[in-house]
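Below is one structure, written out as structure tokens; comments come after it.
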Amino acid sequence: MAEKGDSSATGAETTSMAEKETPSMTEKEASSATGVETSSMAEKETSSMAEERKSSAVGEETDLEKVVERVVTTIPEDDATYKIDIMNESIRLLSVLKEMKLNQTVGLGRGDGDRAFLDEQPVILGSGQNWLNDGNLKCAMVDRVLVELLLEKLSSSLPDQNEAAKDLQMLTKAKPSCRAAFSKLNDAISRLLSPLSLTKVESNPELQEYLITTVLNILTDDCNKHIVGEHPRAIPLLSESMKYGTDETRRNAIAALVSLSTLDLNKFIIGSSGALAPLLEVICVGHPLAIKEAASAICSLCKVYENQDKFTKIGAVKIILQKIKEGILVDELLGVLAVLSTHNDAVEELGAPDTFQYLIDIKRNTDSEIARKNCIDILYNVSMLEKPSFGDEKKKSRRVV
């Protein structure tokens, strides 16, 4: 009986201890819930603060962009000393603007990996400044300042000229806004070409290549095609660069003429500038890649009848036929002959018995549909030449358009 009583007492004591333990567990759960709630409130507060910082940064950034724009518009044309001070201030403001852009981007939850990605993206200028690309710094005004500063640098010492020219070539290749800046800045083309001499354009081949390539880059903007085409030194410098310079320079100079010739007015300007003979010289002795570019330029320019006449008179048909017989770029050069064959004098050359038979043989034996079609066009135009009547002293001809 005593053992039973002791057992009962022990059970009661155990129950009492369990009851005490249960409230303790409840307190822990409550404490845990309080912690979760506190954490949630902290996250909301952090998010709110981040939004405020973002809004503040955007506001400051917008204000700074306006300041930079005001500074840029005050750059004078004549006062060199004051102009340098204004440009130095522009550089300082642009540096601050860049840092604000970086800080804003990193502050929005980007990790070190994303920051590393951003660090890989800037274009590195010779001055040592890192400028973000279009994806991170969408401000055409800033790009105009960059171009302005680099154009000014082209009037400095030779090492500075090379650095500035290289930076301009890189920027105009990568950023449409930098290409568009040339049509908005005062006398931009003159300043771009100022280091090059018409009498010795190849005196600094590296600088020449950077600048001619920059000209080619900016011609993807139609406004620049008008400005460059009408500039008195641009096409003559391109013509000289077809004759003198690195292979890359020569090809890019020809490609620039191809791009310029997409405007009808420029076809006339190029035809009157002395550029036709250098183009034909490229066909005669140039590298195959340069010959291909030159063939494209001639085809484009010969859409104007006056240029057909000039090319024919300086011996284009004979030179092109010789290159075809050498097996060089047959498809492309037959295309040039097809364009020239709408000119009466060219038709007379192509209608010579040996030449006519040679073109027939190409048509019969070639596996190229392009070559076959061009031969058919040439033979058709030649066949349309009116033969002189018996007793006629003057040959009559008809041009096929």
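Lettering and numbering for the structure tokens are positional, with chains as A, B, ... in the shown order, residues counted from 1 in each chain, and ligands counted from 1 in the shown order.
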So that I can see what lies close to Val201 (chain A), please list as a PyMOL selection string the residues with an atom at most 7 Å from it, counting only C-alpha atoms and leaving out residues fewer than 4 positions away in the same chain. chain A and resi 196-197+240-241
Selection to disk with all heavy atoms, as a tab-separated table (two decimals), in the first residue's frame:
```
chain	number	residue	atom	x	y	z
A	196	LEU	N	46.25	64.98	-90.21
A	196	LEU	CA	46.67	64.35	-91.46
A	196	LEU	C	47.02	65.41	-92.50
A	196	LEU	O	46.29	66.38	-92.68
A	196	LEU	CB	45.57	63.44	-92.00
A	196	LEU	CG	45.18	62.26	-91.12
A	196	LEU	CD1	44.06	61.46	-91.77
A	196	LEU	CD2	46.39	61.35	-90.84
A	197	SER	N	48.11	65.18	-93.21
A	197	SER	CA	48.56	66.11	-94.25
A	197	SER	C	48.25	65.53	-95.63
A	197	SER	O	48.52	64.35	-95.89
A	197	SER	CB	50.07	66.35	-94.12
A	197	SER	OG	50.57	66.99	-95.26
A	240	GLU	N	44.05	59.78	-100.92
A	240	GLU	CA	45.47	59.60	-100.63
A	240	GLU	C	45.69	58.34	-99.78
A	240	GLU	O	46.69	57.64	-99.94
A	240	GLU	CB	46.01	60.83	-99.90
A	240	GLU	CG	46.18	62.05	-100.78
A	240	GLU	CD	47.18	61.82	-101.90
A	240	GLU	OE1	48.36	61.55	-101.61
A	240	GLU	OE2	46.77	61.87	-103.08
A	241	SER	N	44.74	58.07	-98.89
A	241	SER	CA	44.89	56.90	-98.01
A	241	SER	C	44.65	55.59	-98.74
A	241	SER	O	45.03	54.53	-98.23
A	241	SER	CB	43.91	57.03	-96.83
A	241	SER	OG	44.27	58.13	-96.01
```
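For region 248-253 of chain A, the non-local neighbours within 8 Å, defined as residues at least 3 positions apart in the same chain or in other chains and counting only C-alpha atoms, are Gln208, Glu209, Ile212, Thr213, Leu216, Leu238, Ser239, Ser241, Met242, Lys243, Tyr244, Gly245, Ala256, Leu257, Leu289, Ala290 and Glu293 of chain A.
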Could those selected residues go to a file with N, CA, C and O atoms, as a compact mmCIF listing (two decimals), in the first residue's frame?
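Below is the file out34.txt, written as the result:
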```txt
# COMPACT_ATOMS: atom_id res chain seq x y z
N GLN A 208 47.23 57.63 -88.83
CA GLN A 208 46.42 57.64 -90.05
C GLN A 208 45.37 56.54 -90.02
O GLN A 208 44.20 56.76 -90.34
N GLU A 209 45.78 55.34 -89.62
CA GLU A 209 44.84 54.21 -89.58
C GLU A 209 43.70 54.46 -88.58
O GLU A 209 42.53 54.21 -88.88
N ILE A 212 41.36 57.32 -90.18
CA ILE A 212 40.58 56.88 -91.34
C ILE A 212 39.52 55.85 -90.91
O ILE A 212 38.39 55.87 -91.40
N THR A 213 39.87 54.99 -89.96
CA THR A 213 38.90 54.03 -89.45
C THR A 213 37.77 54.73 -88.71
O THR A 213 36.61 54.33 -88.80
N LEU A 216 35.38 56.00 -91.25
CA LEU A 216 34.52 54.90 -91.70
C LEU A 216 33.44 54.59 -90.67
O LEU A 216 32.27 54.40 -91.03
N LEU A 238 40.86 60.60 -98.13
CA LEU A 238 40.51 59.20 -98.36
C LEU A 238 41.19 58.69 -99.63
O LEU A 238 41.67 57.55 -99.69
N SER A 239 41.25 59.54 -100.65
CA SER A 239 41.91 59.15 -101.91
C SER A 239 43.40 58.89 -101.69
O SER A 239 43.96 57.90 -102.19
N SER A 241 44.74 58.07 -98.89
CA SER A 241 44.89 56.90 -98.01
C SER A 241 44.65 55.59 -98.74
O SER A 241 45.03 54.53 -98.23
N MET A 242 44.03 55.65 -99.92
CA MET A 242 43.95 54.45 -100.74
C MET A 242 45.30 54.09 -101.34
O MET A 242 45.59 52.93 -101.63
N LYS A 243 46.16 55.11 -101.51
CA LYS A 243 47.46 54.89 -102.15
C LYS A 243 48.58 54.68 -101.13
O LYS A 243 49.52 53.94 -101.38
N TYR A 244 48.46 55.34 -99.98
CA TYR A 244 49.53 55.31 -98.98
C TYR A 244 48.96 54.97 -97.61
O TYR A 244 47.98 55.57 -97.17
N GLY A 245 49.60 54.02 -96.95
CA GLY A 245 49.15 53.63 -95.62
C GLY A 245 49.17 52.11 -95.46
O GLY A 245 49.55 51.37 -96.37
N ALA A 256 35.04 53.57 -96.85
CA ALA A 256 34.43 54.86 -96.54
C ALA A 256 33.84 55.50 -97.79
O ALA A 256 32.75 56.09 -97.75
N LEU A 257 34.54 55.36 -98.92
CA LEU A 257 34.00 55.89 -100.17
C LEU A 257 32.74 55.14 -100.60
O LEU A 257 31.79 55.74 -101.12
N LEU A 289 41.31 41.66 -101.01
CA LEU A 289 40.27 42.27 -100.17
C LEU A 289 40.03 43.72 -100.55
O LEU A 289 38.89 44.20 -100.57
N ALA A 290 41.12 44.43 -100.86
CA ALA A 290 40.99 45.83 -101.29
C ALA A 290 40.33 45.91 -102.67
O ALA A 290 39.52 46.81 -102.94
N GLU A 293 36.60 45.66 -102.28
CA GLU A 293 36.01 46.93 -101.83
C GLU A 293 35.98 47.94 -102.98
O GLU A 293 34.99 48.66 -103.16
```
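Distance-wise, CA of Asn365 (chain A) and CA of Val330 (chain A) end up 13.0 Å apart.
Of the residues listed (A:Ser194, A:Thr214, A:Ser273, A:Ser157), A:Thr214 shows the shortest atom-to-atom separation from Lys173 (chain A); distances use only C-alpha atoms.
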I'd like the neighbourhood of Ser341 (chain A) as a PyMOL selection string, where a residue qualifies if any of its atoms comes within 12 Å (using only C-alpha atoms), though same-chain residues fewer than 2 positions away should be ignored. chain A and resi 299+302-303+305+308-309+311-312+316-317+334-339+343-351+374-385+398-401
